[in-house]
Amino acid sequence: MSALAVTRFAPSPTGHLHVGGARTALFNWALAQRLGGHFLLRIEDTDQARNSRDAVRGILDDLAWLGIHWQEGPQHDGVGGDPRGVGPFFQSERLARYDAAIAQLIEKDLAYPAFDTPDELEALRKRASAEKRAFRYLRDARWDRAAALARMASEPHVVRLRAPDETIVVSDQILGEVAFGPEQIDDFVLRKRDGFPTYHLAVVVDDEAMGVTHVLRGPEHLNNTPKHIALQRALGYGSPIYAHIPLIQNADGSKLSKRDKDKAARALAQRAFADDATQRARADAALDPKRLAAWLGDTKSQLETREIDALERALGLDLPSVTVEDFRHAGYLPETVTNYLALLGWNPGEKLADGRDREQFSMDDLAAKFSLARVGRGNAKFDRAKLLAFSQEALAALPDAEWLARWRVWCERYAAEVATSGADPQRVLADPARALVFAASMKSRCATLAAASAPNGPGRFALVADGAFAYEPQAVAKFLAKGEPSGFALLERVRGGIEAIAPFAPAAIEAAVAAFCAANGVGMGKVAQPLRVALTGSAASPPLGETLALLGRAAVLARIDRCLREARPH
RNA sequence: GUCCCCAUCGUCUAGAGGCCUAGGACUCGGCCCUUUCAAGGCCGUAACACGGGUUCGAAUCCCGUUGGGGACGCCA
């Protein structure tokens with residue numbers, strides 16, 4: 001036995017990583033780092049009907065972006081590799097090993113071929129359900145081993161484990177000892193009709209072959225664990241250390257994975273179809289029309305993650321975030337996502353000097369402090385508001401230049417028109433000093449990177465052309481039209497002073513406007529609000545100095561002129 | 001239906017028999033700051049599911065009830 005601790009994350013490639021999977025990966029990663037071992041990534045692509053290579057790429061991207069780097073696994077952007085020679089890491093490339101294990105079991109009469117058809121089994125299950133009892137596969141008492149083995153060569157069959165008639169105790173690092181009686185471990189399938197191994201067989205064979213020492217996984221696997229232990233015993237393997245982590249749920253207590261998004265997608269898609277006949281054709285082109293129709297007709301059915309993604313893209317839907325990619329798109333920092341996710345079920349148990357609990361920590365902190373002893377046992381509901389608060393805080397704590405760099409990267413990926421052209425090209429981004437003012441100004445006003453340029457976002461005014469924003473009627477009425485002197489009048493007067501401000505930077509601008517107010521015997525608000533409306537269309541904007549500096553002198557004058565021309569009643 | 005797991009403010013949680021008049025964070029409400037919007041500061045509302053034990057003493061241990069969740073696939 002090697003002393004190296006090895007944990008693993010073993011997703012099946014059916015779409016982008018969702019946050020539950022991301023947390024499982026994160027905990028596995030953290031445990032391996034903490035123990036000085038390896039975190040291994042294995043792709044469980046044994047379901048021929050549902051796999052896709054695109055999904056593999058997506059999951060690798062998601063993990064890499066989060067900073068969950070695997071020491072062993074598929075190569076991707078400089079991450080991964082096979083230092084111990086335990087690969088390949090795609091189960092579809094390991095079929096010979098599974099067959100060898102199965103042959104060994106059949107040889108010892110610990111597994112056997114079964115020839116029931118799926119329809120026959122389905123009928124038995126229905127009957128069991130009608131009689132309100134649990135379905136259990138019963139092996140044929142009048143079993144002729146030689147005859148069965150002979151039939152294997154020519155007839156479709158599955159291979160089942162001859163399950164032991166004993167109680168199996170799972171020793172779980174989080175839940176303690178959990179006992180499963182013999183009636184709960186039936187002769188489950190090891191190899192499917194199509195020759196591919198089932199999850200159970202593949203997992204057990206691979207974990208052994210790859211030297212996995214700690215299996216940390218979701219609670220839905222707890223009931224599978226006695227099966228895996230039974231299989232390990234049959235194959236003469238030892239068992240890894242098991243730990244089942246609690247589930248992440250939606251606010252309503254349902255499973256987080258997809259239901260939320262699926263529900264929203266159905267509602268939005270139906271509305272889109274009703275509004276615009278061409279949308280349906282677009283959706284049909286994006287995914288299997290039959291699947292789409294079935295899904296629309298049955299509110300209990302769910303689309304696969306990749307189907308949802310395709311539909312979202314095709315129709316331009318705005319769906320709630322459940323995948324890592326969703327949160328990346330929404331403008332969260334990866335360290336914010338991992339920080340929040342880690343806190344769902346784990347916490348460092350430290351108090352800060354001011355008496356608060358430590359809730360903010362880095363990936364390095366996690367790697368240094370993570371332990372199974374501090375993982376909770378109750379399910380956790382995913383609280384978007386708290387994530388948003390974390391994001392707000394993390395963004396505000398970034399140095400201006402860092403914020404700017406992160407924002408640029410986000411824009412390039414998700415809002416290319418902001419990063420590159422814009423209606424008034426490069427107004428903010430081309431001038432380094434102005435760009436830093438933008439960063440400083442947005443930091444405390446944006447909970448996500450996406451918020452800065454959002455349609456009603458606080459930075460929008462600086463990113464659009466001088467003529468491309470509308471004046472809010474109430475703001476015009478309240479701050480420009482009213483009063484004596486009116487806002488319009490003050491605007492005209494202050495315009496002249498603006499020509500003279502030097503340098504055209506926040507402090508000098510503030511000072512000049514303050515001086516103008518003093519000279520004219522009016523309060524700051526009497527001048528600042530009309531200026532805001534003229535420059536941004538709205539009465540809410542960053543501090544006056546920043547607002548003007550962000551636009552630059554020429555744009556400020558142009559916008560004042562436009563406002564006087566277009567917003568003033570004549 | 002059967003099996004398994006879980007149970008502290010609305011949410012995430014601290015709490016490993018006396019330190020608990022139950023602490024922190026998010027949300028929500030109020031106040032302060034203020035040229036707007038934010039940010040920031042201060043204050044506040046709010047929980048040990050219920051019933052039995054054990055113990056000098058229980059949020060903490062045991063049993064039951066209730067509630068929630070998961071699993072019962074030739075999916076993983």
# chains A, B, ... in the order shown; residues from 1 in each chain; ligands from 1
$ residues_around --residues "Arg553 of chain A" --least-positions-apart "6" --cutoff "9 Å" --atoms "only C-alpha atoms (C1' of nucleotides)" --output "PDB file with C-alpha atoms, in the first residue's frame"
ATOM      1  CA  ILE A 498     -16.353  73.372 -16.837  1.00  0.00           C
ATOM      2  CA  GLU A 499     -14.326  74.589 -19.792  1.00  0.00           C
ATOM      3  CA  ILE A 501     -11.246  72.977 -15.030  1.00  0.00           C
ATOM      4  CA  PHE A 504     -10.003  67.294 -15.574  1.00  0.00           C
TER       5      PHE A 504
END
$ interface_residues --of "chain A" --to "chain B" --cutoff "7 Å" --atoms "only C-alpha atoms (C1' of nucleotides)" --output "ChimeraX atom specification"
/A:12,132-134,158,189,192-193,199,219-220,223,344,356-357,377-378,383,385-386,444-445,524-525,528-529,539-542
$ residues_around --residues "G57 of chain B" --least-positions-apart "2" --cutoff "9 Å" --atoms "only C-alpha atoms (C1' of nucleotides)" --output "ChimeraX atom specification"
/B:17-18,55
$ select_by_dssp --residues "segment 70-310 of chain A" --states "strand (DSSP E or B)" --output "MDAnalysis selection string"
chainID A and resid 72:76 79:81 90 111:114 158:161 168:172 176:180 189:191 197 214:217 241:244 248:249 255
$ write_last_selection --atoms "C-alpha atoms" --output "mmCIF file, in the first residue's frame"
data_model
loop_
_atom_site.group_PDB
_atom_site.id
_atom_site.type_symbol
_atom_site.label_atom_id
_atom_site.label_comp_id
_atom_site.auth_asym_id
_atom_site.auth_seq_id
_atom_site.Cartn_x
_atom_site.Cartn_y
_atom_site.Cartn_z
ATOM 1 C CA GLU A 72 -3.807 13.472 -12.109
ATOM 2 C CA GLY A 73 -6.305 13.225 -14.915
ATOM 3 C CA PRO A 74 -6.938 14.421 -18.464
ATOM 4 C CA GLN A 75 -4.534 17.089 -19.709
ATOM 5 C CA HIS A 76 -6.165 20.487 -19.953
ATOM 6 C CA VAL A 79 -3.357 20.818 -15.623
ATOM 7 C CA GLY A 80 -3.493 17.043 -15.277
ATOM 8 C CA GLY A 81 -1.154 14.241 -16.228
ATOM 9 C CA PHE A 90 -11.766 8.049 -19.359
ATOM 10 C CA ALA A 111 -21.109 -13.259 -10.626
ATOM 11 C CA TYR A 112 -23.358 -14.757 -13.281
ATOM 12 C CA PRO A 113 -24.998 -13.890 -16.572
ATOM 13 C CA ALA A 114 -28.696 -13.050 -16.494
ATOM 14 C CA VAL A 158 -26.130 -8.685 -18.317
ATOM 15 C CA VAL A 159 -23.764 -9.872 -15.627
ATOM 16 C CA ARG A 160 -24.906 -9.665 -12.037
ATOM 17 C CA LEU A 161 -23.037 -9.949 -8.774
ATOM 18 C CA ILE A 168 -22.629 -4.748 5.620
ATOM 19 C CA VAL A 169 -21.578 -1.873 7.827
ATOM 20 C CA VAL A 170 -20.389 1.290 6.135
ATOM 21 C CA SER A 171 -17.960 3.184 8.289
ATOM 22 C CA ASP A 172 -18.473 6.765 7.212
ATOM 23 C CA GLY A 176 -20.495 7.196 11.560
ATOM 24 C CA GLU A 177 -21.410 3.540 11.130
ATOM 25 C CA VAL A 178 -24.399 2.770 8.951
ATOM 26 C CA ALA A 179 -25.637 -0.799 8.700
ATOM 27 C CA PHE A 180 -27.354 -2.297 5.647
ATOM 28 C CA VAL A 189 -25.807 -5.460 -12.570
ATOM 29 C CA LEU A 190 -22.085 -5.226 -13.224
ATOM 30 C CA ARG A 191 -22.078 -5.208 -17.006
ATOM 31 C CA PRO A 197 -19.698 -1.680 -17.137
ATOM 32 C CA HIS A 214 -10.630 8.581 0.262
ATOM 33 C CA VAL A 215 -14.024 8.595 -1.403
ATOM 34 C CA LEU A 216 -15.851 11.842 -0.674
ATOM 35 C CA ARG A 217 -19.156 12.047 -2.514
ATOM 36 C CA ILE A 241 -12.245 5.568 3.498
ATOM 37 C CA TYR A 242 -15.768 6.796 2.818
ATOM 38 C CA ALA A 243 -17.359 10.142 3.628
ATOM 39 C CA HIS A 244 -20.742 11.301 2.367
ATOM 40 C CA ILE A 248 -27.050 21.355 -1.544
ATOM 41 C CA GLN A 249 -30.698 22.250 -2.041
ATOM 42 C CA LYS A 255 -32.589 19.144 -5.163
#
$ select_by_dssp --residues "segment 187-222 of chain A" --states "alpha helix (DSSP H)" --output "PyMOL selection string"
chain A and resi 199-209
$ write_last_selection --atoms "N, CA and C atoms" --output "mmCIF file, in the first residue's frame"
data_model
loop_
_atom_site.group_PDB
_atom_site.id
_atom_site.type_symbol
_atom_site.label_atom_id
_atom_site.label_comp_id
_atom_site.auth_asym_id
_atom_site.auth_seq_id
_atom_site.Cartn_x
_atom_site.Cartn_y
_atom_site.Cartn_z
ATOM 1 N N TYR A 199 -21.870 1.786 -13.429
ATOM 2 C CA TYR A 199 -21.166 2.694 -12.531
ATOM 3 C C TYR A 199 -20.519 1.939 -11.371
ATOM 4 N N HIS A 200 -21.281 1.026 -10.783
ATOM 5 C CA HIS A 200 -20.791 0.329 -9.588
ATOM 6 C C HIS A 200 -19.492 -0.421 -9.860
ATOM 7 N N LEU A 201 -19.478 -1.168 -10.944
ATOM 8 C CA LEU A 201 -18.297 -1.971 -11.259
ATOM 9 C C LEU A 201 -17.124 -1.069 -11.609
ATOM 10 N N ALA A 202 -17.395 -0.092 -12.466
ATOM 11 C CA ALA A 202 -16.321 0.789 -12.943
ATOM 12 C C ALA A 202 -15.675 1.542 -11.786
ATOM 13 N N VAL A 203 -16.519 2.038 -10.893
ATOM 14 C CA VAL A 203 -16.011 2.810 -9.759
ATOM 15 C C VAL A 203 -15.101 1.952 -8.873
ATOM 16 N N VAL A 204 -15.553 0.770 -8.594
ATOM 17 C CA VAL A 204 -14.800 -0.091 -7.683
ATOM 18 C C VAL A 204 -13.472 -0.516 -8.318
ATOM 19 N N VAL A 205 -13.536 -0.904 -9.575
ATOM 20 C CA VAL A 205 -12.317 -1.337 -10.256
ATOM 21 C C VAL A 205 -11.326 -0.171 -10.377
ATOM 22 N N ASP A 206 -11.842 0.988 -10.764
ATOM 23 C CA ASP A 206 -10.950 2.125 -10.977
ATOM 24 C C ASP A 206 -10.386 2.687 -9.678
ATOM 25 N N ASP A 207 -11.208 2.788 -8.665
ATOM 26 C CA ASP A 207 -10.695 3.315 -7.407
ATOM 27 C C ASP A 207 -9.559 2.431 -6.894
ATOM 28 N N GLU A 208 -9.708 1.140 -7.076
ATOM 29 C CA GLU A 208 -8.649 0.224 -6.668
ATOM 30 C C GLU A 208 -7.406 0.420 -7.536
ATOM 31 N N ALA A 209 -7.634 0.425 -8.846
ATOM 32 C CA ALA A 209 -6.498 0.524 -9.773
ATOM 33 C C ALA A 209 -5.779 1.861 -9.636
#
$ residues_around --residues "Leu449 of chain A" --least-positions-apart "4" --cutoff "10 Å" --atoms "only C-alpha atoms (C1' of nucleotides)" --output "number ranges by chain"
A: 328-333, 391-392, 395, 403-404, 406-411, 442-443, 453-454
$ residues_around --residues "Leu287 of chain A" --least-positions-apart "6" --cutoff "12 Å" --atoms "only C-alpha atoms (C1' of nucleotides)" --output "short mmCIF file (atom, residue, chain, number, x, y, z; two decimals) with N, CA, C and O atoms, in the first residue's frame"
data_model
loop_
_atom_site.label_atom_id
_atom_site.label_comp_id
_atom_site.auth_asym_id
_atom_site.auth_seq_id
_atom_site.Cartn_x
_atom_site.Cartn_y
_atom_site.Cartn_z
N ARG A 280 -39.93 28.86 -32.04
CA ARG A 280 -40.09 27.41 -31.93
C ARG A 280 -39.20 26.69 -32.94
O ARG A 280 -38.56 25.70 -32.62
N ALA A 281 -39.13 27.25 -34.12
CA ALA A 281 -38.28 26.65 -35.15
C ALA A 281 -36.81 26.71 -34.70
O ALA A 281 -36.05 25.76 -34.90
N ALA A 293 -40.74 18.58 -27.61
CA ALA A 293 -42.19 18.49 -27.51
C ALA A 293 -42.61 17.70 -26.28
O ALA A 293 -43.52 18.09 -25.54
N TRP A 295 -40.95 17.31 -23.56
CA TRP A 295 -40.61 18.08 -22.36
C TRP A 295 -41.64 19.17 -22.11
O TRP A 295 -42.09 19.39 -20.98
N LEU A 303 -35.06 18.29 -18.96
CA LEU A 303 -34.07 18.19 -20.02
C LEU A 303 -32.70 17.92 -19.41
O LEU A 303 -32.46 18.24 -18.25
N GLU A 304 -31.82 17.37 -20.22
CA GLU A 304 -30.44 17.22 -19.79
C GLU A 304 -29.79 18.61 -19.73
O GLU A 304 -30.24 19.53 -20.43
N THR A 305 -28.75 18.71 -18.92
CA THR A 305 -28.09 20.02 -18.79
C THR A 305 -27.68 20.61 -20.13
O THR A 305 -27.88 21.79 -20.40
N ARG A 306 -27.12 19.75 -20.97
CA ARG A 306 -26.65 20.31 -22.25
C ARG A 306 -27.80 20.73 -23.14
O ARG A 306 -27.69 21.64 -23.95
N GLU A 307 -28.97 20.07 -22.99
CA GLU A 307 -30.14 20.48 -23.76
C GLU A 307 -30.64 21.84 -23.28
O GLU A 307 -31.02 22.69 -24.08
N ILE A 308 -30.63 22.01 -21.95
CA ILE A 308 -31.02 23.31 -21.41
C ILE A 308 -30.09 24.39 -21.91
O ILE A 308 -30.53 25.48 -22.31
N ASP A 309 -28.78 24.08 -21.89
CA ASP A 309 -27.81 25.06 -22.36
C ASP A 309 -28.10 25.45 -23.80
O ASP A 309 -28.05 26.63 -24.17
N ALA A 310 -28.40 24.44 -24.62
CA ALA A 310 -28.65 24.69 -26.03
C ALA A 310 -29.90 25.56 -26.20
O ALA A 310 -29.92 26.51 -26.99
N LEU A 311 -30.91 25.25 -25.43
CA LEU A 311 -32.16 26.00 -25.51
C LEU A 311 -31.96 27.44 -25.06
O LEU A 311 -32.45 28.39 -25.67
N GLU A 312 -31.17 27.59 -23.99
CA GLU A 312 -30.91 28.91 -23.45
C GLU A 312 -30.21 29.78 -24.49
O GLU A 312 -30.56 30.94 -24.70
N ARG A 313 -29.24 29.18 -25.17
CA ARG A 313 -28.50 29.92 -26.20
C ARG A 313 -29.40 30.25 -27.38
O ARG A 313 -29.41 31.37 -27.88
N ALA A 314 -30.18 29.25 -27.81
CA ALA A 314 -30.99 29.43 -29.00
C ALA A 314 -32.03 30.54 -28.82
O ALA A 314 -32.29 31.32 -29.73
N LEU A 315 -32.62 30.60 -27.64
CA LEU A 315 -33.70 31.56 -27.41
C LEU A 315 -33.25 32.79 -26.64
O LEU A 315 -34.03 33.71 -26.42
#
$ residues_around --residues "U60 of chain B" --least-positions-apart "2" --cutoff "8 Å" --atoms "only C-alpha atoms (C1' of nucleotides)" --output "ChimeraX atom specification"
/B:15-17,58
$ residues_around --residues "G52 of chain B" --least-positions-apart "2" --cutoff "12 Å" --atoms "only C-alpha atoms (C1' of nucleotides)" --output "list of chain:residue names"
B:C50, B:U54, B:C62, B:C63, B:G64, B:U65
$ atom_distance --atom1 "atom CA of Gly181 of chain A" --atom2 "atom CA of Pro226 of chain A"
9.3 Å
$ atom_distance --atom1 "atom CA of Gln232 of chain A" --atom2 "atom CA of Gly21 of chain A"
25.1 Å
